[in-house]
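Content type mmCIF, C-alpha atoms, from the file target.cif:
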```cif
data_target
#
loop_
_atom_site.label_atom_id
_atom_site.label_comp_id
_atom_site.auth_asym_id
_atom_site.auth_seq_id
_atom_site.Cartn_x
_atom_site.Cartn_y
_atom_site.Cartn_z
CA MET A 1 61.97 14.79 -21.58
CA PRO A 2 65.76 15.09 -22.01
CA PHE A 3 67.66 12.38 -23.84
CA TYR A 4 71.31 12.14 -24.86
CA SER A 5 71.95 12.70 -28.57
CA ASP A 6 75.57 12.38 -29.75
CA ASP A 7 76.51 13.43 -33.28
CA PRO A 8 78.67 10.74 -35.00
CA PHE A 9 82.26 11.53 -35.94
CA CYS A 10 83.57 10.78 -39.42
CA CYS A 11 87.26 10.21 -39.96
CA VAL A 12 88.19 11.30 -43.51
CA PRO A 13 91.55 10.03 -44.81
CA PRO A 14 94.05 12.48 -46.26
CA SER A 15 93.57 13.55 -49.84
CA PRO A 16 95.77 11.64 -52.34
CA SER A 17 97.09 14.93 -53.71
CA PRO A 18 100.92 15.39 -53.42
CA ARG A 19 102.23 16.68 -50.09
CA SER A 20 105.62 17.49 -48.68
CA SER A 21 107.13 14.89 -46.33
CA LYS A 22 106.67 17.32 -43.43
CA SER A 23 102.95 17.66 -44.16
CA MET A 24 102.56 13.90 -44.47
CA ALA A 25 104.35 13.34 -41.16
CA ALA A 26 102.11 15.85 -39.45
CA ALA A 27 99.03 14.20 -40.93
CA TRP A 28 100.07 10.73 -39.76
CA LYS A 29 100.89 12.12 -36.32
CA VAL A 30 97.31 13.39 -36.03
CA ARG A 31 95.92 10.03 -37.15
CA GLY A 32 98.24 8.18 -34.80
CA ASP A 33 97.05 10.31 -31.84
CA ALA A 34 93.47 9.64 -32.84
CA GLY A 35 94.20 5.92 -32.95
CA ARG A 36 95.55 6.00 -29.41
CA LEU A 37 92.47 7.96 -28.25
CA LEU A 38 89.99 5.64 -29.99
CA PRO A 39 89.61 3.16 -27.08
CA VAL A 40 88.95 6.05 -24.69
CA ILE A 41 86.37 7.62 -27.00
CA THR A 42 84.70 4.24 -27.50
CA PHE A 43 84.51 3.68 -23.74
CA PHE A 44 82.80 7.02 -23.07
CA LEU A 45 80.39 6.63 -26.00
CA GLY A 46 79.44 3.18 -24.74
CA ALA A 47 78.89 4.49 -21.22
CA ALA A 48 76.73 7.34 -22.51
CA MET A 49 74.58 4.97 -24.59
CA THR A 50 74.17 2.60 -21.66
CA GLY A 51 73.11 5.47 -19.41
CA ALA A 52 70.61 6.66 -22.00
CA PHE A 53 68.99 3.21 -22.23
CA VAL A 54 68.81 2.87 -18.44
CA PHE A 55 67.25 6.35 -18.19
CA LEU A 56 64.73 5.48 -20.93
CA GLY A 57 63.77 2.26 -19.19
CA ALA A 58 63.30 3.98 -15.85
CA THR A 59 61.23 6.72 -17.49
CA MET A 60 58.95 4.19 -19.15
CA ASP A 61 58.51 2.40 -15.82
CA MET A 62 57.67 5.67 -14.04
CA SER A 63 55.18 6.59 -16.78
CA SER A 64 53.23 3.40 -16.19
CA ARG A 65 53.25 4.02 -12.41
CA PHE A 66 51.97 7.54 -12.88
CA ALA A 67 48.92 6.07 -14.60
CA ALA A 68 47.96 4.30 -11.37
CA TRP A 69 44.61 5.12 -9.88
CA GLY A 70 42.32 2.91 -7.84
CA ASN A 71 43.27 -0.66 -6.98
CA GLY A 72 46.92 -1.00 -7.99
CA ALA A 73 49.03 0.34 -10.83
CA ARG A 74 47.70 -0.10 -14.32
CA ALA A 75 48.34 1.46 -17.69
CA VAL A 76 45.66 3.76 -19.11
CA ALA A 77 45.01 4.81 -22.66
CA GLY A 78 42.54 6.69 -24.81
CA ASP A 79 39.57 8.33 -23.08
CA GLU A 80 40.53 6.74 -19.76
CA ALA A 81 43.82 8.68 -19.70
CA LYS A 82 42.14 12.05 -20.19
CA PRO A 83 41.50 12.82 -16.47
CA TYR A 84 45.17 12.22 -15.65
CA ALA A 85 46.34 14.47 -18.47
CA GLU A 86 43.99 17.22 -17.26
CA LEU A 87 45.16 16.86 -13.67
CA GLU A 88 48.83 16.84 -14.65
CA GLU A 89 48.38 20.00 -16.71
CA LEU A 90 46.62 21.77 -13.84
CA LEU A 91 49.34 20.73 -11.40
CA LYS A 92 51.98 21.98 -13.80
CA ASN A 93 50.24 25.35 -14.18
CA ALA A 94 49.80 25.80 -10.42
CA SER A 95 53.15 24.46 -9.25
CA MET A 96 56.02 26.45 -7.79
CA GLU A 97 59.56 26.23 -9.15
CA ASP A 98 60.23 23.11 -7.09
CA ASN A 99 57.03 21.38 -8.35
CA THR A 100 55.13 21.98 -5.10
CA VAL A 101 51.40 22.67 -5.24
CA ILE A 102 49.06 23.88 -2.49
CA VAL A 103 45.89 21.77 -2.59
CA THR A 104 42.52 22.00 -0.89
CA SER A 105 39.23 20.21 -1.48
CA ILE A 106 35.65 21.47 -1.37
CA ASN A 107 32.11 20.29 -1.85
CA LYS A 108 28.94 22.22 -2.60
CA ALA A 109 28.26 22.97 1.07
CA TYR A 110 31.77 24.35 1.68
CA ALA A 111 31.63 26.41 -1.53
CA ALA A 112 28.27 28.09 -0.79
CA PRO A 113 28.32 31.91 -0.51
CA GLY A 114 29.61 33.00 2.89
CA SER A 115 30.80 29.50 3.72
CA LEU A 116 34.30 28.08 4.25
CA LEU A 117 35.70 28.68 0.75
CA ASP A 118 35.01 32.42 0.93
CA LEU A 119 36.75 32.71 4.32
CA PHE A 120 39.65 30.55 3.15
CA LEU A 121 40.38 32.66 0.06
CA GLU A 122 39.86 35.92 1.96
CA SER A 123 42.48 34.90 4.52
CA PHE A 124 45.13 34.62 1.79
CA ARG A 125 44.34 38.14 0.64
CA ALA A 126 44.35 39.48 4.22
CA GLY A 127 47.53 37.67 5.25
CA LYS A 128 51.12 38.88 5.22
CA GLY A 129 52.80 37.76 1.99
CA THR A 130 50.19 35.10 1.25
CA ALA A 131 48.18 36.65 -1.61
CA GLY A 132 50.71 35.44 -4.19
CA LEU A 133 50.34 31.87 -2.93
CA LEU A 134 46.88 31.75 -4.52
CA ASP A 135 48.67 31.36 -7.86
CA HIS A 136 49.89 27.99 -6.60
CA LEU A 137 46.60 26.77 -5.13
CA LEU A 138 44.68 23.93 -6.77
CA ILE A 139 41.09 23.59 -5.56
CA VAL A 140 39.72 20.07 -5.96
CA SER A 141 35.93 19.86 -6.14
CA VAL A 142 34.17 16.60 -5.31
CA ASP A 143 30.89 17.53 -7.02
CA PRO A 144 29.91 19.59 -10.09
CA GLY A 145 28.22 22.33 -8.05
CA ALA A 146 31.39 23.05 -6.11
CA HIS A 147 33.42 22.95 -9.33
CA GLU A 148 31.19 25.55 -10.94
CA THR A 149 31.64 27.84 -7.95
CA CYS A 150 35.41 27.30 -7.97
CA ARG A 151 35.73 28.28 -11.61
CA SER A 152 33.91 31.55 -10.89
CA VAL A 153 36.37 32.61 -8.16
CA HIS A 154 39.70 30.89 -8.85
CA ARG A 155 42.09 29.97 -11.69
CA HIS A 156 43.09 26.39 -10.87
CA CYS A 157 40.10 24.09 -10.36
CA TYR A 158 39.84 20.32 -10.76
CA LEU A 159 36.71 18.15 -10.63
CA LEU A 160 37.34 14.80 -8.99
CA ARG A 161 35.02 12.56 -11.00
CA PRO A 162 33.08 9.79 -9.22
CA ASP A 163 34.60 6.99 -11.31
CA ASN A 164 38.09 8.07 -10.19
CA ASN A 165 37.04 8.73 -6.61
CA ASN A 166 37.98 5.23 -5.43
CA ASP A 167 38.73 4.80 -1.75
CA ASP A 168 40.18 1.30 -2.20
CA GLY A 169 38.05 -0.80 0.02
CA GLY A 170 35.41 -0.37 2.64
CA GLY A 171 33.91 3.01 1.90
CA ALA A 172 32.50 2.80 -1.63
CA ALA A 173 33.26 6.49 -2.07
CA ALA A 174 31.82 6.56 -5.58
CA ALA A 175 28.37 5.83 -4.11
CA VAL A 176 28.55 8.60 -1.51
CA ASP A 177 26.88 11.99 -2.03
CA LEU A 178 29.92 14.20 -1.41
CA SER A 179 28.13 17.50 -2.02
CA ALA A 180 26.62 17.81 1.48
CA ALA A 181 28.44 18.70 4.70
CA LYS A 182 29.92 15.62 6.40
CA TYR A 183 30.00 15.21 10.16
CA PHE A 184 33.20 13.99 11.75
CA MET A 185 33.65 10.18 11.76
CA THR A 186 30.35 9.36 10.05
CA LYS A 187 30.53 6.68 7.35
CA ASP A 188 30.40 9.24 4.55
CA TYR A 189 33.07 11.36 6.24
CA VAL A 190 35.45 8.40 6.52
CA ALA A 191 34.85 7.44 2.87
CA MET A 192 35.63 11.02 1.80
CA MET A 193 38.87 11.05 3.83
CA TRP A 194 40.17 7.84 2.26
CA ALA A 195 39.23 9.07 -1.21
CA ARG A 196 41.22 12.23 -0.47
CA ASN A 197 44.14 10.11 0.68
CA ARG A 198 44.16 8.19 -2.61
CA PHE A 199 44.06 11.41 -4.59
CA GLN A 200 47.08 12.72 -2.68
CA GLN A 201 49.00 9.57 -3.60
CA THR A 202 48.18 10.20 -7.25
CA ILE A 203 49.66 13.71 -7.04
CA LEU A 204 52.90 12.19 -5.73
CA GLU A 205 52.91 9.58 -8.49
CA LEU A 206 52.63 12.36 -11.05
CA GLY A 207 55.87 13.85 -9.70
CA PHE A 208 54.48 16.79 -7.72
CA SER A 209 55.00 17.58 -4.05
CA PHE A 210 51.98 19.01 -2.26
CA LEU A 211 50.93 20.99 0.77
CA PHE A 212 47.39 19.91 1.48
CA THR A 213 45.25 22.25 3.58
CA ASP A 214 41.69 21.72 4.75
CA VAL A 215 39.40 24.50 3.62
CA ASP A 216 38.60 25.31 7.27
CA ILE A 217 42.16 26.60 7.77
CA LEU A 218 42.89 30.32 7.49
CA TRP A 219 46.29 31.39 6.13
CA PHE A 220 47.88 34.50 7.69
CA ARG A 221 51.57 33.94 6.91
CA ASN A 222 53.45 31.50 4.69
CA PRO A 223 53.65 28.26 6.72
CA MET A 224 56.23 26.68 4.42
CA ARG A 225 59.02 28.52 6.19
CA HIS A 226 58.35 26.22 9.16
CA ILE A 227 58.84 23.05 7.12
CA ALA A 228 62.41 21.75 7.34
CA VAL A 229 64.19 21.21 4.02
CA THR A 230 65.12 17.73 5.25
CA SER A 231 61.50 16.69 5.88
CA ASP A 232 59.83 14.20 3.54
CA VAL A 233 56.52 14.57 5.38
CA ALA A 234 55.43 17.50 7.58
CA ILE A 235 52.08 17.30 9.30
CA ALA A 236 50.02 19.22 11.83
CA SER A 237 49.09 17.88 15.23
CA ASP A 238 46.06 18.78 17.34
CA TYR A 239 48.23 18.76 20.47
CA PHE A 240 51.94 19.36 19.84
CA ASN A 241 54.23 17.78 22.46
CA GLY A 242 57.11 20.20 21.83
CA ASN A 243 59.32 17.86 19.77
CA PRO A 244 58.90 18.07 15.98
CA ASP A 245 60.64 14.71 15.51
CA SER A 246 58.58 12.82 18.08
CA LEU A 247 56.37 10.15 16.54
CA HIS A 248 54.30 10.23 19.72
CA ASN A 249 52.60 13.36 18.34
CA LEU A 250 49.16 12.52 16.96
CA PRO A 251 48.86 13.54 13.29
CA ASN A 252 46.14 15.71 11.80
CA GLY A 253 45.92 15.11 8.04
CA GLY A 254 44.11 18.39 7.47
CA PHE A 255 47.45 20.16 7.07
CA LEU A 256 50.03 17.98 5.39
CA TYR A 257 53.14 18.49 3.27
CA VAL A 258 54.63 15.55 1.34
CA ARG A 259 57.66 15.63 -0.94
CA SER A 260 57.30 13.57 -4.13
CA MET A 261 59.84 10.75 -3.86
CA ASN A 262 59.82 6.98 -4.39
CA ARG A 263 59.83 6.40 -0.65
CA THR A 264 56.88 8.73 0.02
CA VAL A 265 54.81 7.03 -2.69
CA GLU A 266 55.62 3.72 -1.03
CA PHE A 267 54.78 5.28 2.34
CA TYR A 268 51.30 6.14 1.04
CA ARG A 269 50.84 2.71 -0.50
CA ARG A 270 51.65 0.93 2.77
CA TRP A 271 49.60 3.42 4.77
CA ARG A 272 46.60 2.51 2.66
CA GLU A 273 47.34 -1.22 2.88
CA ALA A 274 47.42 -0.95 6.67
CA ARG A 275 43.75 0.06 6.64
CA ALA A 276 42.75 -3.59 6.24
CA GLY A 277 44.07 -4.33 9.74
CA PHE A 278 41.72 -1.86 11.43
CA PRO A 279 37.98 -1.99 12.14
CA PRO A 280 35.64 -0.65 9.43
CA GLY A 281 35.05 3.07 9.83
CA THR A 282 38.62 3.91 10.91
CA ASN A 283 39.73 7.15 9.29
CA GLU A 284 43.07 7.72 7.61
CA GLN A 285 44.77 9.75 10.35
CA SER A 286 43.89 7.20 13.03
CA VAL A 287 45.57 4.52 10.92
CA LEU A 288 48.58 6.80 10.37
CA ALA A 289 48.95 7.40 14.11
CA ARG A 290 49.41 3.66 14.59
CA VAL A 291 51.70 2.93 11.64
CA GLN A 292 53.82 6.10 11.35
CA LEU A 293 56.60 4.73 13.58
CA PRO A 294 57.23 1.42 11.75
CA LEU A 295 56.70 2.94 8.29
CA THR A 296 59.11 5.84 8.75
CA ARG A 297 61.79 3.51 10.12
CA ARG A 298 61.34 0.87 7.44
CA LEU A 299 61.27 3.31 4.52
CA GLY A 300 63.66 5.97 5.82
CA VAL A 301 61.00 8.69 5.66
CA ARG A 302 61.74 11.82 7.74
CA MET A 303 58.50 12.97 9.38
CA GLN A 304 58.11 16.37 11.03
CA PHE A 305 55.28 17.56 13.30
CA LEU A 306 54.47 21.24 13.08
CA ASP A 307 54.39 23.47 16.15
CA THR A 308 50.87 24.67 16.99
CA ALA A 309 52.37 28.07 17.83
CA HIS A 310 52.83 28.48 14.06
CA CYS A 311 50.32 26.08 12.51
CA GLY A 312 47.67 26.19 15.17
CA GLY A 313 44.06 25.33 15.73
CA PHE A 314 41.18 25.49 18.14
CA CYS A 315 42.34 22.33 19.97
CA GLN A 316 45.56 23.93 21.26
CA LEU A 317 44.93 27.62 20.73
CA THR A 318 47.76 30.12 20.73
CA ASP A 319 47.02 33.80 21.29
CA ASP A 320 50.36 35.07 19.97
CA LEU A 321 49.31 36.62 16.67
CA ARG A 322 52.95 37.64 16.08
CA ARG A 323 53.87 34.00 15.42
CA VAL A 324 50.79 32.35 13.95
CA SER A 325 50.84 31.31 10.28
CA THR A 326 47.65 29.26 9.98
CA MET A 327 44.56 28.66 12.12
CA HIS A 328 42.55 25.43 11.83
CA ALA A 329 38.95 25.01 13.01
CA ASN A 330 39.77 21.61 14.50
CA CYS A 331 38.07 20.27 17.64
CA CYS A 332 34.96 21.91 16.19
CA THR A 333 32.02 20.03 14.67
CA GLY A 334 29.27 21.45 12.53
CA LEU A 335 29.70 23.63 9.46
CA GLY A 336 27.83 26.57 11.00
CA ASN A 337 30.04 26.51 14.11
CA LYS A 338 33.22 26.48 12.05
CA VAL A 339 32.07 29.38 9.87
CA HIS A 340 31.01 31.43 12.91
CA ASP A 341 34.31 31.10 14.77
CA LEU A 342 36.54 31.44 11.70
CA ARG A 343 34.75 34.64 10.77
CA ASN A 344 35.63 35.97 14.23
CA VAL A 345 39.24 34.81 13.81
CA LEU A 346 39.54 36.63 10.48
CA ARG A 347 38.11 39.81 12.01
CA ASP A 348 40.57 39.57 14.91
CA TRP A 349 43.44 39.19 12.44
CA ARG A 350 42.33 42.26 10.51
CA ASN A 351 42.18 44.28 13.73
CA TYR A 352 45.69 43.13 14.59
CA THR A 353 47.21 44.00 11.20
CA ALA A 354 45.42 47.39 11.17
CA ALA A 355 47.00 48.41 14.48
CA PRO A 356 50.18 50.54 14.49
CA ARG A 357 53.45 48.60 14.52
CA GLU A 358 54.33 49.76 18.03
CA VAL A 359 51.01 48.46 19.35
CA ARG A 360 51.45 45.09 17.59
CA ARG A 361 54.94 44.72 19.08
CA ARG A 362 53.60 45.15 22.60
CA GLY A 363 51.26 42.21 22.05
CA GLY A 364 48.07 41.82 23.96
CA PHE A 365 46.07 40.72 20.93
CA GLY A 366 44.09 37.50 20.99
CA TRP A 367 41.12 35.68 19.51
CA THR A 368 37.51 36.46 20.40
CA LYS A 369 36.36 34.21 23.27
CA PRO A 370 34.22 32.39 23.90
CA GLY A 371 33.08 31.25 20.50
CA ARG A 372 30.98 28.28 19.56
CA CYS A 373 34.15 26.14 19.56
CA ILE A 374 36.91 28.43 20.82
CA ARG A 375 37.22 28.39 24.61
#
```
Take the structure in this file and express it as structure tokens.
Amino acid sequence: MPFYSDDPFCCVPPSPSPRSSKSMAAAWKVRGDAGRLLPVITFFLGAAMTGAFVFLGATMDMSSRFAAWGNGARAVAGDEAKPYAELEELLKNASMEDNTVIVTSINKAYAAPGSLLDLFLESFRAGKGTAGLLDHLLIVSVDPGAHETCRSVHRHCYLLRPDNNNDDGGGAAAAVDLSAAKYFMTKDYVAMMWARNRFQQTILELGFSFLFTDVDILWFRNPMRHIAVTSDVAIASDYFNGNPDSLHNLPNGGFLYVRSMNRTVEFYRRWREARAGFPPGTNEQSVLARVQLPLTRRLGVRMQFLDTAHCGGFCQLTDDLRRVSTMHANCCTGLGNKVHDLRNVLRDWRNYTAAPREVRRRGGFGWTKPGRCIR
């Protein structure tokens, strides 16, 4: 961590050895100039020292906030601090130059051979300019079985331990078996979503921006080119209304970019606090849909909704393969159904990219229909 360090100056008086009057005059002229400059030098040294102390104080305050996990900020030490040090090191190793990390989460069911994780990773390798993004992908496992699988196929893997998997009220995530497939809006599913939300906040507190992607999203082109540089939060929507700035779009937290800033950390904190005002069993994106307007206005957070023509899904399907960057198996329940249709989507993409350029330019390519979810 950079700190100012100013070497002290020493003013040495002239030697008492004999000098000519001209030499003595020159020497006193130098000392006289230095005397006139002394107040200026003192002012700048004082300002520099003050700035250094302010910076040190702010850094110490941020360090204690980074240690937050669970119910409120608290300092951690010794063995308790180890998980945060491990996570921070993994984020550092996976991050891009601007401290952005791509993050996904898996459990044992999603990591099984031939399941979602295999299709997810294969899409990066089959996509246009996406293979290198795997170097910046952190896979978060919610059970040891998934973590073991991750370590056999990928470089950056993190095990979210049960004692840190705190959903802050209502879900008791630590007591949930997260290794099995979770059906949409069941109690276990909601607990897992809020635990994920808390983990995302921790990433921001550690000073890293993230692009979170559900593991049932295939990557065909780099979607980050569609995220405005002015956006603090960019999120997918099941049904895009055509206006990226419209807070009447309904958010889908399965594809979410957040820039690490004080106001986005506060945004997450208030988002989580708002949960108490909703019935038990309300998931995180339903709460966000209700509070995104007042929170963005109050905190000055710029929120962008991503066009489904680029970051699409099964809910609002686009058949223009020339524009699509990602494809989400949303509006689709059941692990087997998701795997079936995503496998077809990946095959369709491979057929498209294998076609001659002239044929691709003419268009006419689309996704296999009907599928189990695709209509």
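Ranking A:Arg270, A:Arg196, A:Arg375, A:His328 by their shortest atom-to-atom distance to A:Leu346, with all atoms listed in the file included, puts A:His328 first.
Take the candidates A:Gly281, A:Ala112, A:Ala126, A:Thr264 and check each one against A:Gly207 using all atoms listed in the file; the shortest distance goes to A:Thr264.
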Reference answer for the PyMOL selection byres ((chain A and resi 117-124) around 9), as an mmCIF file with C-alpha atoms, in the frame of the given file:
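Result went into expr21.cif, see below:
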```cif
data_model
loop_
_atom_site.group_PDB
_atom_site.id
_atom_site.type_symbol
_atom_site.label_atom_id
_atom_site.label_comp_id
_atom_site.auth_asym_id
_atom_site.auth_seq_id
_atom_site.Cartn_x
_atom_site.Cartn_y
_atom_site.Cartn_z
ATOM 1 C CA ILE A 106 35.650 21.470 -1.370
ATOM 2 C CA TYR A 110 31.770 24.350 1.680
ATOM 3 C CA ALA A 111 31.630 26.410 -1.530
ATOM 4 C CA ALA A 112 28.270 28.090 -0.790
ATOM 5 C CA PRO A 113 28.320 31.910 -0.510
ATOM 6 C CA GLY A 114 29.610 33.000 2.890
ATOM 7 C CA SER A 115 30.800 29.500 3.720
ATOM 8 C CA LEU A 116 34.300 28.080 4.250
ATOM 9 C CA ARG A 125 44.340 38.140 0.640
ATOM 10 C CA ALA A 126 44.350 39.480 4.220
ATOM 11 C CA GLY A 127 47.530 37.670 5.250
ATOM 12 C CA LYS A 128 51.120 38.880 5.220
ATOM 13 C CA GLY A 129 52.800 37.760 1.990
ATOM 14 C CA THR A 130 50.190 35.100 1.250
ATOM 15 C CA ALA A 131 48.180 36.650 -1.610
ATOM 16 C CA GLY A 132 50.710 35.440 -4.190
ATOM 17 C CA LEU A 133 50.340 31.870 -2.930
ATOM 18 C CA LEU A 134 46.880 31.750 -4.520
ATOM 19 C CA CYS A 150 35.410 27.300 -7.970
ATOM 20 C CA VAL A 215 39.400 24.500 3.620
ATOM 21 C CA ASP A 216 38.600 25.310 7.270
ATOM 22 C CA ILE A 217 42.160 26.600 7.770
ATOM 23 C CA LEU A 218 42.890 30.320 7.490
ATOM 24 C CA TRP A 219 46.290 31.390 6.130
ATOM 25 C CA PHE A 220 47.880 34.500 7.690
ATOM 26 C CA ARG A 221 51.570 33.940 6.910
ATOM 27 C CA VAL A 339 32.070 29.380 9.870
ATOM 28 C CA LEU A 342 36.540 31.440 11.700
ATOM 29 C CA ARG A 343 34.750 34.640 10.770
ATOM 30 C CA LEU A 346 39.540 36.630 10.480
#
```
Identify, on the basis of all atoms listed in the file, every residue whose closest approach to A:Asn337 does not exceed 12 Å; exclude the query and any residue fewer than 6 positions from it along the same chain; express the result as a list in words. Ser115, Leu116, Tyr183, Asp216, Phe314, Ala329, Asn330, Cys331, Arg343, Asn344, Gly371, Arg372, Cys373 and Ile374 of chain A
Residues matched by the PyMOL selection byres ((chain A and resi 96-105) around 10) as a PDB file with C-alpha atoms, keeping the file's coordinate frame:
```pdb
ATOM      1  CA  LEU A  90      46.620  21.770 -13.840  1.00  0.00           C
ATOM      2  CA  LEU A  91      49.340  20.730 -11.400  1.00  0.00           C
ATOM      3  CA  LYS A  92      51.980  21.980 -13.800  1.00  0.00           C
ATOM      4  CA  ASN A  93      50.240  25.350 -14.180  1.00  0.00           C
ATOM      5  CA  ALA A  94      49.800  25.800 -10.420  1.00  0.00           C
ATOM      6  CA  SER A  95      53.150  24.460  -9.250  1.00  0.00           C
ATOM      7  CA  ILE A 106      35.650  21.470  -1.370  1.00  0.00           C
ATOM      8  CA  ASN A 107      32.110  20.290  -1.850  1.00  0.00           C
ATOM      9  CA  TYR A 110      31.770  24.350   1.680  1.00  0.00           C
ATOM     10  CA  ALA A 111      31.630  26.410  -1.530  1.00  0.00           C
ATOM     11  CA  LEU A 117      35.700  28.680   0.750  1.00  0.00           C
ATOM     12  CA  PHE A 120      39.650  30.550   3.150  1.00  0.00           C
ATOM     13  CA  LEU A 133      50.340  31.870  -2.930  1.00  0.00           C
ATOM     14  CA  LEU A 134      46.880  31.750  -4.520  1.00  0.00           C
ATOM     15  CA  ASP A 135      48.670  31.360  -7.860  1.00  0.00           C
ATOM     16  CA  HIS A 136      49.890  27.990  -6.600  1.00  0.00           C
ATOM     17  CA  LEU A 137      46.600  26.770  -5.130  1.00  0.00           C
ATOM     18  CA  LEU A 138      44.680  23.930  -6.770  1.00  0.00           C
ATOM     19  CA  ILE A 139      41.090  23.590  -5.560  1.00  0.00           C
ATOM     20  CA  VAL A 140      39.720  20.070  -5.960  1.00  0.00           C
ATOM     21  CA  SER A 141      35.930  19.860  -6.140  1.00  0.00           C
ATOM     22  CA  VAL A 142      34.170  16.600  -5.310  1.00  0.00           C
ATOM     23  CA  ALA A 146      31.390  23.050  -6.110  1.00  0.00           C
ATOM     24  CA  HIS A 156      43.090  26.390 -10.870  1.00  0.00           C
ATOM     25  CA  CYS A 157      40.100  24.090 -10.360  1.00  0.00           C
ATOM     26  CA  TYR A 158      39.840  20.320 -10.760  1.00  0.00           C
ATOM     27  CA  LEU A 159      36.710  18.150 -10.630  1.00  0.00           C
ATOM     28  CA  LEU A 160      37.340  14.800  -8.990  1.00  0.00           C
ATOM     29  CA  ARG A 196      41.220  12.230  -0.470  1.00  0.00           C
ATOM     30  CA  GLN A 200      47.080  12.720  -2.680  1.00  0.00           C
ATOM     31  CA  ILE A 203      49.660  13.710  -7.040  1.00  0.00           C
ATOM     32  CA  GLY A 207      55.870  13.850  -9.700  1.00  0.00           C
ATOM     33  CA  PHE A 208      54.480  16.790  -7.720  1.00  0.00           C
ATOM     34  CA  SER A 209      55.000  17.580  -4.050  1.00  0.00           C
ATOM     35  CA  PHE A 210      51.980  19.010  -2.260  1.00  0.00           C
ATOM     36  CA  LEU A 211      50.930  20.990   0.770  1.00  0.00           C
ATOM     37  CA  PHE A 212      47.390  19.910   1.480  1.00  0.00           C
ATOM     38  CA  THR A 213      45.250  22.250   3.580  1.00  0.00           C
ATOM     39  CA  ASP A 214      41.690  21.720   4.750  1.00  0.00           C
ATOM     40  CA  VAL A 215      39.400  24.500   3.620  1.00  0.00           C
ATOM     41  CA  ASP A 216      38.600  25.310   7.270  1.00  0.00           C
ATOM     42  CA  ILE A 217      42.160  26.600   7.770  1.00  0.00           C
ATOM     43  CA  GLY A 254      44.110  18.390   7.470  1.00  0.00           C
ATOM     44  CA  PHE A 255      47.450  20.160   7.070  1.00  0.00           C
ATOM     45  CA  LEU A 256      50.030  17.980   5.390  1.00  0.00           C
ATOM     46  CA  TYR A 257      53.140  18.490   3.270  1.00  0.00           C
ATOM     47  CA  VAL A 258      54.630  15.550   1.340  1.00  0.00           C
ATOM     48  CA  ARG A 259      57.660  15.630  -0.940  1.00  0.00           C
ATOM     49  CA  SER A 260      57.300  13.570  -4.130  1.00  0.00           C
TER      50      SER A 260
END
```
Residues within 12 Å of (68.9, 17.6, 7.6), file coordinates, counting only C-alpha atoms: what are they? Give the list as a ChimeraX atom specification. /A:227-232,245,302-304
